[in-house]
file protein-v5.txt (compact mmCIF, C-alpha atoms)
# COMPACT_ATOMS: atom_id res chain seq x y z
CA MET A 1 0.39 1.83 8.09
CA ARG A 2 0.31 -1.97 8.03
CA VAL A 3 -0.96 -3.73 11.17
CA VAL A 4 0.12 -7.28 11.98
CA VAL A 5 -0.28 -9.47 15.03
CA THR A 6 2.10 -12.00 16.57
CA PRO A 7 1.20 -15.68 16.93
CA LEU A 8 0.88 -15.07 20.69
CA VAL A 9 -1.91 -12.57 20.12
CA GLU A 10 -3.78 -14.97 17.87
CA THR A 11 -3.40 -17.73 20.46
CA ARG A 12 -4.67 -15.49 23.25
CA ILE A 13 -7.72 -14.36 21.28
CA LYS A 14 -8.57 -17.88 20.21
CA ALA A 15 -8.30 -19.05 23.84
CA PHE A 16 -10.69 -16.29 24.86
CA TYR A 17 -13.25 -17.30 22.24
CA ASP A 18 -12.95 -20.98 23.04
CA ALA A 19 -13.55 -20.29 26.73
CA ALA A 20 -16.40 -17.88 26.03
CA MET A 21 -18.23 -20.24 23.68
CA LEU A 22 -17.81 -23.25 25.98
CA ASN A 23 -18.67 -21.47 29.21
CA HIS A 24 -21.55 -19.41 27.86
CA PRO A 25 -23.68 -21.69 25.71
CA LEU A 26 -26.42 -19.10 25.44
CA LEU A 27 -24.15 -16.85 23.38
CA SER A 28 -25.35 -16.91 19.80
CA GLU A 29 -23.05 -17.21 16.82
CA GLN A 30 -24.22 -13.78 15.74
CA THR A 31 -23.20 -12.25 19.07
CA VAL A 32 -19.79 -13.88 19.05
CA MET A 33 -19.17 -12.86 15.45
CA ALA A 34 -20.20 -9.30 16.24
CA LYS A 35 -17.70 -9.15 19.09
CA LYS A 36 -15.01 -10.54 16.82
CA ASN A 37 -15.82 -7.93 14.17
CA ARG A 38 -15.56 -5.13 16.72
CA LEU A 39 -12.15 -6.38 17.87
CA ILE A 40 -10.79 -6.57 14.33
CA SER A 41 -12.19 -3.15 13.42
CA SER A 42 -10.63 -1.60 16.50
CA LEU A 43 -7.23 -3.08 15.68
CA GLN A 44 -7.49 -1.57 12.21
CA ILE A 45 -7.62 1.84 13.85
CA LEU A 46 -3.94 1.37 14.72
CA SER A 47 -3.10 1.81 11.05
CA ILE A 48 -3.88 5.52 11.18
CA THR A 49 -2.57 6.69 14.51
CA GLN A 50 0.08 6.46 17.19
CA GLY A 51 -2.07 8.38 19.63
CA PHE A 52 -2.08 5.76 22.32
CA LYS A 53 -0.44 5.94 25.71
CA LYS A 54 2.34 3.72 26.93
CA ALA A 55 1.30 0.65 28.89
CA GLN A 56 1.38 1.28 32.62
CA PHE A 57 0.50 -1.93 34.45
CA ASN A 58 1.97 -5.00 32.82
CA ARG A 59 5.68 -5.15 33.66
CA GLN A 60 6.74 -6.77 30.42
CA TRP A 61 4.77 -4.27 28.37
CA ILE A 62 6.32 -1.38 30.29
CA ALA A 63 9.85 -2.80 30.00
CA ASN A 64 9.44 -3.15 26.25
CA GLY A 65 8.03 0.36 25.86
CA TRP A 66 4.88 -0.96 24.22
CA ARG A 67 1.76 1.11 23.90
CA GLU A 68 -1.66 -0.06 24.92
CA LEU A 69 -4.99 -0.25 23.15
CA ILE A 70 -8.11 -1.02 25.16
CA VAL A 71 -11.03 -2.44 23.20
CA GLU A 72 -14.05 -3.12 25.37
CA ASP A 73 -12.68 -5.74 27.80
CA PHE A 74 -9.52 -6.57 25.86
CA HIS A 75 -6.11 -5.00 26.30
CA PHE A 76 -3.66 -5.09 23.42
CA ALA A 77 0.04 -4.19 23.59
CA PHE A 78 1.53 -2.90 20.38
CA GLU A 79 4.73 -1.46 19.03
CA VAL A 80 5.27 0.88 16.13
CA ALA A 81 8.43 -0.37 14.41
CA LYS A 82 9.96 -0.24 10.96
CA THR A 83 10.85 -2.91 8.46
CA PRO A 84 14.41 -3.29 7.12
CA ASP A 85 13.17 -1.20 4.17
CA GLY A 86 12.20 1.61 6.52
CA GLU A 87 8.45 1.09 6.20
CA PRO A 88 6.60 1.77 9.48
CA VAL A 89 4.55 -1.14 10.75
CA VAL A 90 2.34 -1.69 13.78
CA ILE A 91 2.99 -4.99 15.52
CA VAL A 92 0.41 -6.08 18.06
CA ARG A 93 2.57 -7.94 20.55
CA ASP A 94 0.29 -9.20 23.27
CA ALA A 95 -3.36 -9.42 24.21
CA VAL A 96 -5.14 -10.19 27.41
CA HIS A 97 -8.68 -10.08 28.69
CA SER A 98 -9.25 -7.43 31.36
CA LEU A 99 -10.10 -9.94 34.06
CA LEU A 100 -6.71 -11.58 33.57
CA TYR A 101 -4.74 -8.36 33.21
CA ARG A 102 -1.84 -8.07 35.61
CA MET B 1 -20.26 9.65 31.87
CA ILE B 2 -17.39 12.11 31.52
CA GLU B 3 -16.83 14.81 28.98
CA LEU B 4 -13.51 15.24 27.27
CA LYS B 5 -12.46 18.45 25.62
CA VAL B 6 -9.18 18.63 23.79
CA THR B 7 -7.43 21.16 21.62
CA VAL B 8 -7.24 20.04 18.01
CA GLU B 9 -6.35 22.71 15.54
CA ASP B 10 -5.46 20.70 12.48
CA GLU B 11 -8.40 19.47 10.42
CA LYS B 12 -6.83 16.09 9.71
CA GLN B 13 -6.14 15.53 13.38
CA THR B 14 -9.71 16.46 14.17
CA GLU B 15 -10.96 13.97 11.62
CA ASN B 16 -8.71 11.21 12.97
CA LEU B 17 -9.70 11.90 16.55
CA LEU B 18 -13.40 11.87 15.73
CA GLN B 19 -13.02 8.63 13.81
CA GLU B 20 -11.09 7.06 16.67
CA LEU B 21 -13.42 8.15 19.44
CA ASN B 22 -16.65 7.49 17.60
CA GLY B 23 -15.44 4.01 16.76
CA ARG B 24 -15.51 3.10 20.43
CA GLU B 25 -18.46 1.67 22.25
CA GLY B 26 -20.24 4.21 24.39
CA ILE B 27 -18.44 7.25 23.03
CA THR B 28 -20.00 10.11 21.14
CA ALA B 29 -17.60 12.75 19.89
CA LYS B 30 -18.37 15.97 18.11
CA VAL B 31 -16.56 19.05 16.90
CA LEU B 32 -17.16 22.07 19.08
CA PRO B 33 -18.05 25.36 17.40
CA LYS B 34 -15.04 27.33 16.27
CA PRO B 35 -14.23 30.56 18.05
CA TYR B 36 -16.18 33.50 16.77
CA GLY B 37 -15.77 37.23 16.88
CA ILE B 38 -13.01 39.37 18.37
CA ASP B 39 -12.74 40.67 21.91
CA GLU B 40 -12.65 44.43 21.43
CA GLU B 41 -10.37 45.05 24.44
CA SER B 42 -7.74 42.36 23.89
CA GLN B 43 -8.30 41.91 20.16
CA SER B 44 -8.15 38.16 20.75
CA PRO B 45 -10.66 35.71 19.27
CA LEU B 46 -13.71 34.95 21.37
CA ALA B 47 -14.36 31.26 21.99
CA ALA B 48 -17.84 29.91 21.46
CA GLU B 49 -17.56 28.56 24.98
CA PRO B 50 -15.22 30.99 26.78
CA ALA B 51 -14.37 28.53 29.55
CA SER B 52 -13.61 25.71 27.13
CA PRO B 53 -11.58 26.89 24.16
CA TYR B 54 -11.24 23.47 22.65
CA GLY B 55 -11.77 21.79 19.33
CA VAL B 56 -13.36 18.44 20.06
CA SER B 57 -15.73 17.25 22.74
CA ALA B 58 -16.42 13.61 23.51
CA ASN B 59 -18.98 12.13 25.84
CA VAL B 60 -17.90 8.79 27.20
CA ASP B 61 -20.40 6.33 28.57
CA PHE B 62 -18.30 3.52 29.98
CA PRO B 63 -19.22 -0.10 29.40
CA ASN B 64 -19.72 -2.09 32.57
CA GLN B 65 -16.65 -4.16 31.85
CA ALA B 66 -14.47 -1.14 32.49
CA THR B 67 -15.47 -0.95 36.12
CA HIS B 68 -14.84 -4.37 37.59
CA PHE B 69 -11.26 -5.43 37.10
CA PHE B 70 -11.07 -6.66 40.67
CA ASP B 71 -10.55 -10.31 41.54
CA GLY B 72 -11.03 -10.00 45.29
CA GLU B 73 -7.34 -9.49 45.99
CA LYS B 74 -5.86 -7.13 43.47
CA LEU B 75 -7.23 -4.19 41.63
CA TYR B 76 -5.86 -4.53 38.12
CA VAL B 77 -7.41 -1.71 36.12
CA THR B 78 -9.78 0.82 37.53
CA ARG B 79 -12.43 2.94 35.95
CA GLN B 80 -10.08 5.86 36.57
CA TYR B 81 -7.40 4.15 34.54
CA TYR B 82 -9.80 3.75 31.66
CA GLU B 83 -10.80 7.39 31.91
CA ASP B 84 -7.16 8.45 31.99
CA TYR B 85 -6.46 6.20 29.05
CA ILE B 86 -9.13 7.85 26.90
CA ARG B 87 -8.09 11.32 28.05
CA ASP B 88 -4.42 10.69 27.31
CA MET B 89 -5.27 9.24 23.95
CA ALA B 90 -7.19 12.37 23.10
CA TYR B 91 -4.24 14.46 24.28
CA ASN B 92 -1.85 12.46 22.12
CA PHE B 93 -4.04 13.09 19.11
CA ALA B 94 -3.90 16.77 19.82
CA HIS B 95 -0.13 16.80 20.31
CA PRO B 96 1.32 14.45 17.70
CA GLU B 97 4.57 16.38 17.67
CA GLU B 98 5.42 15.00 21.12
CA GLN B 99 5.58 11.48 19.70
CA LYS B 100 7.39 12.19 16.46
CA ASN B 101 10.87 12.01 17.92
CA GLU B 102 10.51 8.53 19.30
CA PRO B 103 12.95 6.30 17.37
CA LEU B 104 11.44 3.24 15.73
CA ARG B 105 13.02 -0.14 16.27
CA THR B 106 13.85 -2.09 13.14
CA VAL B 107 12.32 -5.54 13.02
CA SER B 108 13.73 -8.33 10.91
CA ASN B 109 11.96 -9.85 7.93
CA GLU B 110 11.96 -13.17 9.79
CA GLU B 111 10.09 -11.63 12.71
CA LEU B 112 7.56 -10.07 10.38
CA ALA B 113 7.13 -13.34 8.51
CA ASN B 114 5.97 -14.92 11.78
CA CYS B 115 3.20 -12.36 12.16
CA ILE B 116 -0.17 -12.48 10.46
CA THR B 117 -2.28 -9.71 9.00
CA LEU B 118 -5.58 -8.61 10.48
CA GLU B 119 -7.33 -10.10 7.47
CA LYS B 120 -5.80 -13.49 8.25
CA LEU B 121 -6.63 -13.14 11.94
CA ASP B 122 -10.22 -12.29 11.01
CA GLN B 123 -10.39 -15.29 8.70
CA HIS B 124 -8.97 -17.69 11.30
CA LEU B 125 -11.33 -16.48 14.02
CA THR B 126 -14.33 -16.59 11.70
CA GLU B 127 -13.53 -20.17 10.74
CA ARG B 128 -13.04 -21.15 14.38
CA ILE B 129 -16.34 -19.63 15.51
CA HIS B 130 -18.18 -21.13 12.55
CA ARG B 131 -16.76 -24.59 13.29
CA PHE B 132 -17.90 -24.32 16.90
CA TYR B 133 -21.50 -23.57 15.96
CA HIS B 134 -21.59 -25.89 12.95
CA PRO B 135 -19.47 -28.90 13.97
CA ASN B 136 -21.03 -31.21 11.39
CA GLU B 137 -20.32 -29.11 8.32
call {"tool": "encode", "arguments": {"input": "protein-v5.txt", "output": "structure tokens"}}
result
Amino acid sequence: MRVVVTPLVETRIKAFYDAAMLNHPLLSEQTVMAKKNRLISSLQILSITQGFKKAQFNRQWIANGWRELIVEDFHFAFEVAKTPDGEPVVIVRDAVHSLLYR
Amino acid sequence: MIELKVTVEDEKQTENLLQELNGREGITAKVLPKPYGIDEESQSPLAAEPASPYGVSANVDFPNQATHFFDGEKLYVTRQYYEDYIRDMAYNFAHPEEQKNEPLRTVSNEELANCITLEKLDQHLTERIHRFYHPNE
């Protein structure tokens, strides 16, 4: 199943990396890249399964019926939908760091 | 550390569950031995572990980040939530039929065109990180 992310998700992840790299100058490029690779790999898991529970805390996520994927300290909200051609697709709708999760 | 044991009878589901769980930091999942032998009285199969007739076991060693979602005022996500999340996920793997009937919303081509693939996301992030550490290139 194809996995895509919304512009909001990309913006949120970029904001996280910008803040992390600016606020933690001792982080090496290798460490940051490794974290990025783990995030991407974990999102790829969504292509093979729907075995994730519905979101339970974020009101918007609950209202939309989105499911939730937790990767280390990131929370992702995603929806399994279908294209006009009937092809199932996973759309990652939102992302937030755990410390900002509400 | 908690131990999860879930019923997974289908081989493909077992494979998917193991792949999913073992791909997560701090989790080690393994397939439990299959039931062996026959109980002579009841003629039912004997489980390798009689008290735990399950297919997959996973040991979860939680990362520290999962324990401190507290900002001094509100508790956002607790360790228990994370444990429940992993447990429910394992349950969902074992009971895929409970999710099959959920109708899928149809998204428009325009909405999809706004989204990017994981490959693109990876590329954009890689470029951004590289630029940060090598601003003069």
call {"tool": "residues_around", "arguments": {"input": "protein-v5.txt", "residues": "segment 58-71 of chain A", "least_positions_apart": "3", "cutoff": "8 Å", "atoms": "all atoms listed in the file", "output": "list in words"}}
result
Leu39, Ser42, Phe52, Lys53, Lys54, Ala55, Phe74, His75, Phe76, Ala77, Phe78, Glu79, Tyr101 and Arg102 of chain A; Arg24 of chain B
call {"tool": "closest_atom_pairs", "arguments": {"input": "protein-v5.txt", "of": "chain A", "to": "chain B", "cutoff": "9 Å", "atoms": "only C-alpha atoms", "output": "JSON lines"}}
result
{"residue": "A:Arg2", "atom": "CA", "partner": "B:Thr117", "partner_atom": "CA", "distance": 8.2}
{"residue": "A:Val3", "atom": "CA", "partner": "B:Thr117", "partner_atom": "CA", "distance": 6.5}
{"residue": "A:Val4", "atom": "CA", "partner": "B:Thr117", "partner_atom": "CA", "distance": 4.5}
{"residue": "A:Val5", "atom": "CA", "partner": "B:Cys115", "partner_atom": "CA", "distance": 5.4}
{"residue": "A:Thr6", "atom": "CA", "partner": "B:Cys115", "partner_atom": "CA", "distance": 4.6}
{"residue": "A:Pro7", "atom": "CA", "partner": "B:Cys115", "partner_atom": "CA", "distance": 6.1}
{"residue": "A:Glu10", "atom": "CA", "partner": "B:Leu121", "partner_atom": "CA", "distance": 6.8}
{"residue": "A:Ile13", "atom": "CA", "partner": "B:Leu125", "partner_atom": "CA", "distance": 8.4}
{"residue": "A:Lys14", "atom": "CA", "partner": "B:Leu125", "partner_atom": "CA", "distance": 6.9}
{"residue": "A:Tyr17", "atom": "CA", "partner": "B:Ile129", "partner_atom": "CA", "distance": 7.8}
{"residue": "A:Asp18", "atom": "CA", "partner": "B:Ile129", "partner_atom": "CA", "distance": 8.4}
{"residue": "A:Met21", "atom": "CA", "partner": "B:Phe132", "partner_atom": "CA", "distance": 7.9}
{"residue": "A:Ser28", "atom": "CA", "partner": "B:Tyr133", "partner_atom": "CA", "distance": 8.6}
{"residue": "A:Glu29", "atom": "CA", "partner": "B:Tyr133", "partner_atom": "CA", "distance": 6.6}
{"residue": "A:Val32", "atom": "CA", "partner": "B:Ile129", "partner_atom": "CA", "distance": 7.6}
{"residue": "A:Met33", "atom": "CA", "partner": "B:Thr126", "partner_atom": "CA", "distance": 7.2}
{"residue": "A:Lys36", "atom": "CA", "partner": "B:Leu125", "partner_atom": "CA", "distance": 7.5}
{"residue": "A:Asn37", "atom": "CA", "partner": "B:Asp122", "partner_atom": "CA", "distance": 7.8}
{"residue": "A:Ile40", "atom": "CA", "partner": "B:Asp122", "partner_atom": "CA", "distance": 6.6}
{"residue": "A:Ser41", "atom": "CA", "partner": "B:Gly23", "partner_atom": "CA", "distance": 8.5}
{"residue": "A:Ser42", "atom": "CA", "partner": "B:Gly23", "partner_atom": "CA", "distance": 7.4}
{"residue": "A:Leu43", "atom": "CA", "partner": "B:Leu118", "partner_atom": "CA", "distance": 7.8}
{"residue": "A:Gln44", "atom": "CA", "partner": "B:Leu118", "partner_atom": "CA", "distance": 7.5}
{"residue": "A:Ile45", "atom": "CA", "partner": "B:Glu20", "partner_atom": "CA", "distance": 6.9}
{"residue": "A:Ile48", "atom": "CA", "partner": "B:Asn16", "partner_atom": "CA", "distance": 7.7}
{"residue": "A:Thr49", "atom": "CA", "partner": "B:Asn16", "partner_atom": "CA", "distance": 7.8}
{"residue": "A:Gln50", "atom": "CA", "partner": "B:Gln99", "partner_atom": "CA", "distance": 7.9}
{"residue": "A:Gly51", "atom": "CA", "partner": "B:Asn92", "partner_atom": "CA", "distance": 4.8}
{"residue": "A:Phe52", "atom": "CA", "partner": "B:Met89", "partner_atom": "CA", "distance": 5.0}
{"residue": "A:Lys53", "atom": "CA", "partner": "B:Met89", "partner_atom": "CA", "distance": 6.1}
{"residue": "A:Phe57", "atom": "CA", "partner": "B:Tyr76", "partner_atom": "CA", "distance": 7.8}
{"residue": "A:Glu68", "atom": "CA", "partner": "B:Tyr85", "partner_atom": "CA", "distance": 8.9}
{"residue": "A:Leu69", "atom": "CA", "partner": "B:Tyr85", "partner_atom": "CA", "distance": 8.9}
{"residue": "A:Ile70", "atom": "CA", "partner": "B:Tyr82", "partner_atom": "CA", "distance": 8.2}
{"residue": "A:Val71", "atom": "CA", "partner": "B:Arg24", "partner_atom": "CA", "distance": 7.6}
{"residue": "A:Glu72", "atom": "CA", "partner": "B:Gln65", "partner_atom": "CA", "distance": 7.1}
{"residue": "A:Asp73", "atom": "CA", "partner": "B:Gln65", "partner_atom": "CA", "distance": 5.9}
{"residue": "A:Glu79", "atom": "CA", "partner": "B:Leu104", "partner_atom": "CA", "distance": 8.8}
{"residue": "A:Val80", "atom": "CA", "partner": "B:Leu104", "partner_atom": "CA", "distance": 6.6}
{"residue": "A:Ala81", "atom": "CA", "partner": "B:Leu104", "partner_atom": "CA", "distance": 4.9}
{"residue": "A:Lys82", "atom": "CA", "partner": "B:Thr106", "partner_atom": "CA", "distance": 4.8}
{"residue": "A:Thr83", "atom": "CA", "partner": "B:Val107", "partner_atom": "CA", "distance": 5.5}
{"residue": "A:Pro84", "atom": "CA", "partner": "B:Thr106", "partner_atom": "CA", "distance": 6.2}
{"residue": "A:Gly86", "atom": "CA", "partner": "B:Thr106", "partner_atom": "CA", "distance": 7.8}
{"residue": "A:Pro88", "atom": "CA", "partner": "B:Leu104", "partner_atom": "CA", "distance": 8.0}
{"residue": "A:Ile91", "atom": "CA", "partner": "B:Cys115", "partner_atom": "CA", "distance": 8.1}
{"residue": "A:Ser98", "atom": "CA", "partner": "B:Phe69", "partner_atom": "CA", "distance": 6.4}
{"residue": "A:Leu99", "atom": "CA", "partner": "B:Phe69", "partner_atom": "CA", "distance": 5.6}
{"residue": "A:Leu100", "atom": "CA", "partner": "B:Phe69", "partner_atom": "CA", "distance": 8.4}
{"residue": "A:Tyr101", "atom": "CA", "partner": "B:Tyr76", "partner_atom": "CA", "distance": 6.3}
{"residue": "A:Arg102", "atom": "CA", "partner": "B:Tyr76", "partner_atom": "CA", "distance": 5.9}
call {"tool": "atom_distance", "arguments": {"input": "protein-v5.txt", "atom1": "atom CA of Arg131 of chain B", "atom2": "atom CA of Leu46 of chain A"}}
result
29.0 Å
call {"tool": "atom_distance", "arguments": {"input": "protein-v5.txt", "atom1": "atom CA of Ser47 of chain A", "atom2": "atom CA of Val89 of chain A"}}
result
8.2 Å
call {"tool": "atom_distance", "arguments": {"input": "protein-v5.txt", "atom1": "atom CA of Glu137 of chain B", "atom2": "atom CA of Ala15 of chain A"}}
result
22.1 Å
